[in-house]
>>> print(open('final-v3.tsv').read())   # TSV, C-alpha atoms
chain	number	residue	atom	x	y	z
A	1	MET	CA	3.80	58.02	-36.40
A	2	PRO	CA	2.57	54.71	-34.91
A	3	ARG	CA	-1.01	54.57	-33.77
A	4	ASP	CA	-1.60	54.63	-30.00
A	5	THR	CA	-3.60	51.49	-29.17
A	6	SER	CA	-3.31	51.62	-25.39
A	7	ALA	CA	-6.83	53.00	-24.96
A	8	ALA	CA	-8.46	51.03	-27.76
A	9	PRO	CA	-8.91	47.35	-26.87
A	10	ASP	CA	-9.59	44.83	-29.56
A	11	SER	CA	-13.22	45.21	-30.64
A	12	ARG	CA	-14.02	41.51	-30.14
A	13	ARG	CA	-12.64	41.59	-26.61
A	14	ALA	CA	-14.60	44.78	-25.94
A	15	GLN	CA	-17.81	43.03	-26.98
A	16	LEU	CA	-17.14	40.22	-24.51
A	17	HIS	CA	-16.80	42.72	-21.69
A	18	VAL	CA	-20.02	44.58	-22.39
A	19	GLY	CA	-22.31	44.46	-19.37
A	20	SER	CA	-19.91	42.45	-17.19
A	21	GLU	CA	-16.63	42.86	-15.39
A	22	GLN	CA	-15.17	39.57	-16.66
A	23	PRO	CA	-15.52	37.69	-19.95
A	24	PRO	CA	-17.62	34.51	-19.75
A	25	LEU	CA	-15.63	31.33	-19.12
A	26	ARG	CA	-15.63	28.51	-21.61
A	27	ARG	CA	-17.01	25.24	-20.21
A	28	ARG	CA	-13.60	23.60	-20.04
A	29	ASP	CA	-12.21	26.58	-18.10
A	30	ARG	CA	-14.80	26.39	-15.35
A	31	ALA	CA	-13.56	24.96	-12.08
A	32	PRO	CA	-15.34	21.90	-10.67
A	33	PRO	CA	-17.67	22.40	-7.70
A	34	LEU	CA	-15.98	23.40	-4.47
A	35	CYS	CA	-16.82	22.74	-0.86
A	36	ARG	CA	-15.41	23.96	2.41
A	37	VAL	CA	-13.56	21.46	4.54
A	38	GLY	CA	-14.57	20.53	8.09
A	39	PRO	CA	-13.37	22.58	11.04
A	40	ARG	CA	-11.04	24.65	8.87
A	41	GLN	CA	-13.90	26.47	7.16
A	42	GLU	CA	-13.11	29.70	8.96
A	43	ALA	CA	-9.63	29.67	7.43
A	44	GLY	CA	-11.19	29.58	3.99
A	45	ILE	CA	-9.72	26.19	3.07
A	46	ILE	CA	-11.56	24.68	0.12
A	47	ALA	CA	-11.38	21.34	-1.68
A	48	ARG	CA	-12.72	19.97	-4.92
A	49	VAL	CA	-15.71	17.67	-4.65
A	50	ILE	CA	-14.97	14.30	-6.28
A	51	PRO	CA	-18.04	12.21	-7.15
A	52	GLU	CA	-18.25	8.97	-5.19
A	53	ASP	CA	-18.39	6.89	-8.36
A	54	SER	CA	-15.00	8.29	-9.38
A	55	TYR	CA	-13.25	6.51	-6.52
A	56	SER	CA	-11.92	2.96	-6.90
A	57	PRO	CA	-14.46	0.37	-5.70
A	58	VAL	CA	-13.81	-1.06	-2.25
A	59	TRP	CA	-13.10	-4.78	-2.02
A	60	THR	CA	-16.12	-6.98	-1.33
A	61	ASN	CA	-16.51	-7.94	2.35
A	62	ASP	CA	-13.87	-5.42	3.40
A	63	THR	CA	-13.12	-5.90	7.11
A	64	ARG	CA	-10.08	-3.59	7.32
A	65	SER	CA	-9.95	-0.90	9.98
A	66	PRO	CA	-9.92	2.65	8.56
A	67	LEU	CA	-6.49	4.23	8.43
A	68	PRO	CA	-5.95	7.15	10.82
A	69	LEU	CA	-5.71	10.60	9.27
A	70	VAL	CA	-3.85	12.05	12.24
A	71	GLY	CA	-1.90	10.49	15.07
A	72	GLU	CA	1.52	9.97	16.55
A	73	GLU	CA	4.25	8.16	14.65
A	74	ARG	CA	3.94	4.70	16.19
A	75	GLU	CA	0.20	4.67	15.64
A	76	MET	CA	0.62	5.65	12.00
A	77	LEU	CA	3.35	3.12	11.23
A	78	THR	CA	1.65	0.17	12.89
A	79	ALA	CA	-1.76	1.07	11.45
A	80	PHE	CA	-0.42	1.17	7.91
A	81	LEU	CA	1.41	-2.13	8.34
A	82	GLU	CA	-1.71	-3.78	9.76
A	83	TRP	CA	-3.80	-2.37	6.91
A	84	HIS	CA	-1.46	-3.85	4.33
A	85	ARG	CA	-1.42	-7.21	6.10
A	86	ALA	CA	-5.21	-7.23	6.09
A	87	THR	CA	-5.27	-6.14	2.45
A	88	PHE	CA	-3.15	-9.11	1.43
A	89	GLU	CA	-5.41	-11.55	3.26
A	90	LEU	CA	-8.44	-9.90	1.68
A	91	LYS	CA	-7.01	-10.42	-1.81
A	92	CYS	CA	-6.65	-14.13	-1.07
A	93	SER	CA	-10.05	-14.63	0.56
A	94	GLY	CA	-12.65	-16.62	-1.33
A	95	VAL	CA	-10.17	-18.33	-3.65
A	96	PRO	CA	-10.37	-22.16	-3.65
A	97	ALA	CA	-7.27	-23.65	-2.04
A	98	GLU	CA	-6.15	-25.39	-5.22
A	99	ARG	CA	-6.22	-22.12	-7.15
A	100	LEU	CA	-4.07	-20.22	-4.66
A	101	SER	CA	-1.07	-22.09	-6.05
A	102	GLU	CA	-1.77	-21.11	-9.66
A	103	GLN	CA	0.94	-19.10	-11.39
A	104	PRO	CA	-1.28	-17.16	-13.81
A	105	VAL	CA	1.16	-14.53	-15.11
A	106	PRO	CA	4.00	-16.42	-16.83
A	107	PRO	CA	6.93	-16.25	-17.10
A	108	SER	CA	6.66	-15.09	-13.46
A	109	THR	CA	6.46	-17.91	-10.92
A	110	MET	CA	4.43	-15.77	-8.52
A	111	SER	CA	1.27	-17.15	-6.94
A	112	LEU	CA	-0.84	-16.17	-3.96
A	113	HIS	CA	0.44	-19.29	-2.20
A	114	GLY	CA	4.00	-18.25	-2.95
A	115	LEU	CA	3.37	-14.71	-1.74
A	116	VAL	CA	2.04	-15.81	1.64
A	117	ARG	CA	5.10	-18.02	2.10
A	118	HIS	CA	7.36	-15.14	1.10
A	119	LEU	CA	5.66	-12.67	3.45
A	120	ALA	CA	5.88	-15.11	6.35
A	121	ALA	CA	9.59	-15.44	5.68
A	122	VAL	CA	10.03	-11.66	5.51
A	123	GLU	CA	8.13	-11.14	8.78
A	124	ARG	CA	10.42	-13.64	10.51
A	125	TRP	CA	13.58	-12.22	8.94
A	126	TRP	CA	13.04	-8.59	9.88
A	127	PHE	CA	11.35	-8.82	13.26
A	128	ARG	CA	12.55	-12.05	14.84
A	129	ILE	CA	15.98	-12.58	13.30
A	130	GLN	CA	17.24	-9.12	12.39
A	131	PHE	CA	15.69	-7.07	15.19
A	132	ALA	CA	15.01	-9.39	18.13
A	133	GLY	CA	18.03	-11.61	17.44
A	134	GLU	CA	16.10	-14.85	17.86
A	135	ASP	CA	17.90	-18.04	16.93
A	136	VAL	CA	15.29	-19.40	14.52
A	137	PRO	CA	15.78	-20.84	11.03
A	138	LEU	CA	14.94	-18.94	7.88
A	139	LEU	CA	11.59	-19.88	6.38
A	140	TYR	CA	11.39	-21.38	2.89
A	141	TYR	CA	15.08	-20.79	2.17
A	142	SER	CA	18.36	-22.62	1.77
A	143	ASP	CA	21.60	-21.58	0.11
A	144	ASP	CA	21.05	-24.30	-2.48
A	145	ASP	CA	17.43	-23.31	-3.09
A	146	PRO	CA	16.91	-19.63	-2.18
A	147	ASP	CA	13.57	-19.34	-4.01
A	148	GLN	CA	11.65	-22.03	-2.15
A	149	ASP	CA	8.99	-19.53	-1.14
A	150	PHE	CA	7.78	-19.07	-4.72
A	151	ASP	CA	9.00	-22.20	-6.48
A	152	SER	CA	8.38	-25.05	-4.01
A	153	LEU	CA	4.62	-25.13	-3.52
A	154	ASP	CA	4.21	-28.75	-2.45
A	155	GLY	CA	3.14	-27.78	1.08
A	156	ASP	CA	-0.40	-27.28	2.33
A	157	VAL	CA	-1.83	-23.83	1.50
A	158	ALA	CA	-3.85	-23.55	4.71
A	159	GLN	CA	-0.76	-24.36	6.73
A	160	ALA	CA	1.18	-21.65	4.88
A	161	PHE	CA	-1.42	-19.08	5.93
A	162	GLU	CA	-1.24	-20.29	9.54
A	163	VAL	CA	2.54	-19.92	9.51
A	164	TRP	CA	2.16	-16.38	8.17
A	165	ARG	CA	-0.40	-15.44	10.83
A	166	THR	CA	1.86	-16.87	13.54
A	167	GLU	CA	4.79	-14.80	12.29
A	168	CYS	CA	2.61	-11.67	12.20
A	169	ASP	CA	1.51	-12.28	15.80
A	170	ARG	CA	5.10	-12.67	16.97
A	171	ALA	CA	6.10	-9.53	15.07
A	172	ARG	CA	3.32	-7.55	16.78
A	173	GLU	CA	4.56	-8.72	20.18
A	174	ILE	CA	8.12	-7.63	19.37
A	175	VAL	CA	6.94	-4.21	18.20
A	176	ARG	CA	4.77	-3.67	21.29
A	177	ASN	CA	7.75	-4.23	23.57
A	178	ALA	CA	10.26	-2.01	21.77
A	179	GLY	CA	10.72	1.67	21.01
A	180	LEU	CA	10.92	3.11	17.53
A	181	ASP	CA	14.47	4.30	18.21
A	182	ASP	CA	15.62	0.90	19.50
A	183	THR	CA	18.23	-0.57	17.21
A	184	ALA	CA	19.73	-3.90	16.22
A	185	ILE	CA	22.68	-4.76	14.00
A	186	GLN	CA	21.73	-5.45	10.41
A	187	ARG	CA	23.29	-8.76	9.49
A	188	ARG	CA	24.04	-7.88	5.90
A	189	THR	CA	25.91	-4.63	6.58
A	190	SER	CA	26.80	-4.84	10.31
A	191	GLU	CA	25.27	-1.37	10.69
A	192	PRO	CA	22.63	-0.36	13.26
A	193	ILE	CA	19.04	-0.40	12.10
A	194	SER	CA	16.09	1.01	14.05
A	195	LEU	CA	12.67	-0.48	14.58
A	196	ARG	CA	11.30	2.62	12.84
A	197	ARG	CA	13.24	1.76	9.69
A	198	ILE	CA	12.12	-1.87	9.84
A	199	LEU	CA	8.46	-0.84	10.07
A	200	VAL	CA	8.85	1.44	7.05
A	201	THR	CA	10.60	-1.37	5.18
A	202	MET	CA	7.77	-3.77	5.95
A	203	ILE	CA	5.10	-1.29	4.84
A	204	ALA	CA	6.94	-0.94	1.53
A	205	GLU	CA	7.29	-4.72	1.24
A	206	TYR	CA	3.58	-5.31	1.72
A	207	ALA	CA	2.57	-2.42	-0.54
A	208	ARG	CA	4.61	-3.94	-3.34
A	209	HIS	CA	3.24	-7.44	-2.90
A	210	ASP	CA	-0.34	-6.27	-2.39
A	211	GLY	CA	-0.04	-4.92	-5.92
A	212	HIS	CA	1.17	-8.31	-7.11
A	213	ALA	CA	-1.76	-9.94	-5.30
A	214	ASP	CA	-4.14	-7.57	-7.12
A	215	LEU	CA	-2.94	-8.79	-10.50
A	216	LEU	CA	-2.83	-12.46	-9.50
A	217	ARG	CA	-6.35	-12.40	-8.09
A	218	GLU	CA	-7.77	-10.67	-11.15
A	219	ARG	CA	-6.15	-13.27	-13.39
A	220	ILE	CA	-7.59	-16.10	-11.30
A	221	ASP	CA	-11.26	-15.10	-11.16
A	222	GLY	CA	-11.59	-11.49	-12.29
A	223	ALA	CA	-12.15	-10.10	-8.79
A	224	THR	CA	-10.91	-6.55	-8.22
A	225	GLY	CA	-11.17	-3.88	-5.55
A	226	TYR	CA	-9.23	-1.34	-3.52
>>> encode(input="final-v3.tsv", output="C-alpha cells")
Amino acid sequence: MPRDTSAAPDSRRAQLHVGSEQPPLRRRDRAPPLCRVGPRQEAGIIARVIPEDSYSPVWTNDTRSPLPLVGEEREMLTAFLEWHRATFELKCSGVPAERLSEQPVPPSTMSLHGLVRHLAAVERWWFRIQFAGEDVPLLYYSDDDPDQDFDSLDGDVAQAFEVWRTECDRAREIVRNAGLDDTAIQRRTSEPISLRRILVTMIAEYARHDGHADLLRERIDGATGY
C-alpha cells in the first residue's frame, strides 16, 4: 500500500517554514524597491524605482522642450516632430564646419552635412510638394543624380542648415493651417494621404536619421547623449 504523503511535507521545506508563514526569498528573487505613482496612489498603482544613474545621459547643453505625457493628438504629433528636429540639430552642434562633411562610417557615404541636406529635401517633399501642392523644385535631386543629398557635398554647410531651417519653418506654417484629416493626393500612388499620416511619416524619418546622427557624431569626436 503506498504511503500517504499528503500531510507530511518534505522535512527541508518544513524547516524553512518554521516560525514564518512564507519561506525566505533568495536575494535574486526579491523585487526591486517600489513606489506609488502620483495622483493614482489611491488606486494602488505602483512602479519600480529606477536609479537616476541607470538612465541614458542627456546631451550636453540640451535645449529641447520636454515631450508631453498627455495631450490631444495634434499636440502629441507636432511635439514629437519638433523634438526630433531639435535632437538632430543638437547632434550637429559644436562640430567644426569642415568635420560635418566627414563620412566616418565607410562604406556608407552618410555624413551630418549629407543628413541635413536629406532632411531639408524630405521636409519640402512631404509638406510643400506632396501635401500643399506647391510648384517648387526637389532639393538635392535629379533623375541623373538622385543621391545628391549625400554624395554631392561641395556646397556650404552653414547654407545647408539655413535651407533646412527654412523648410522646417514653411512646414510648420502648412501644418498650422490644416487639419489632421485634410488630405492630398500622393504622387507616387495617386491615393489620398492625410496630414496625420504625413506627420507620423516625418516622425519616423527623423527618428531613423537621429540614430544615424548619433553614430556619426560619436565617430567624429566621441560625443554621446540622449
>>> residues_around(input="final-v3.tsv", residues="A:Ala178", least_positions_apart="3", cutoff="12 Å", atoms="only C-alpha atoms", output="mmCIF file with C-alpha atoms, in the frame of the given file")
data_model
loop_
_atom_site.group_PDB
_atom_site.id
_atom_site.type_symbol
_atom_site.label_atom_id
_atom_site.label_comp_id
_atom_site.auth_asym_id
_atom_site.auth_seq_id
_atom_site.Cartn_x
_atom_site.Cartn_y
_atom_site.Cartn_z
ATOM 1 C CA ARG A 74 3.940 4.700 16.190
ATOM 2 C CA PHE A 127 11.350 -8.820 13.260
ATOM 3 C CA PHE A 131 15.690 -7.070 15.190
ATOM 4 C CA ALA A 132 15.010 -9.390 18.130
ATOM 5 C CA ALA A 171 6.100 -9.530 15.070
ATOM 6 C CA ARG A 172 3.320 -7.550 16.780
ATOM 7 C CA GLU A 173 4.560 -8.720 20.180
ATOM 8 C CA ILE A 174 8.120 -7.630 19.370
ATOM 9 C CA VAL A 175 6.940 -4.210 18.200
ATOM 10 C CA ASP A 181 14.470 4.300 18.210
ATOM 11 C CA ASP A 182 15.620 0.900 19.500
ATOM 12 C CA THR A 183 18.230 -0.570 17.210
ATOM 13 C CA ALA A 184 19.730 -3.900 16.220
ATOM 14 C CA SER A 194 16.090 1.010 14.050
ATOM 15 C CA LEU A 195 12.670 -0.480 14.580
ATOM 16 C CA ARG A 196 11.300 2.620 12.840
ATOM 17 C CA LEU A 199 8.460 -0.840 10.070
#
>>> atom_distance(input="final-v3.tsv", atom1="atom CA of A:His212", atom2="atom CA of A:Cys92")
11.5 Å
>>> closest_residue(input="final-v3.tsv", among="A:Val58, A:Leu67, A:Leu112, A:Leu119", to="A:Ala204", atoms="only C-alpha atoms")
A:Leu119
>>> residues_near_point(input="final-v3.tsv", point="(13.9, -19.4, 5.5)", cutoff="12 Å", atoms="all atoms listed in the file", output="NGL selection string")
:A and (117-126 or 128-129 or 136-150)
>>> closest_residue(input="final-v3.tsv", among="A:Asp135, A:Thr60, A:Glu98, A:Cys168", to="A:Met202", atoms="only C-alpha atoms")
A:Cys168
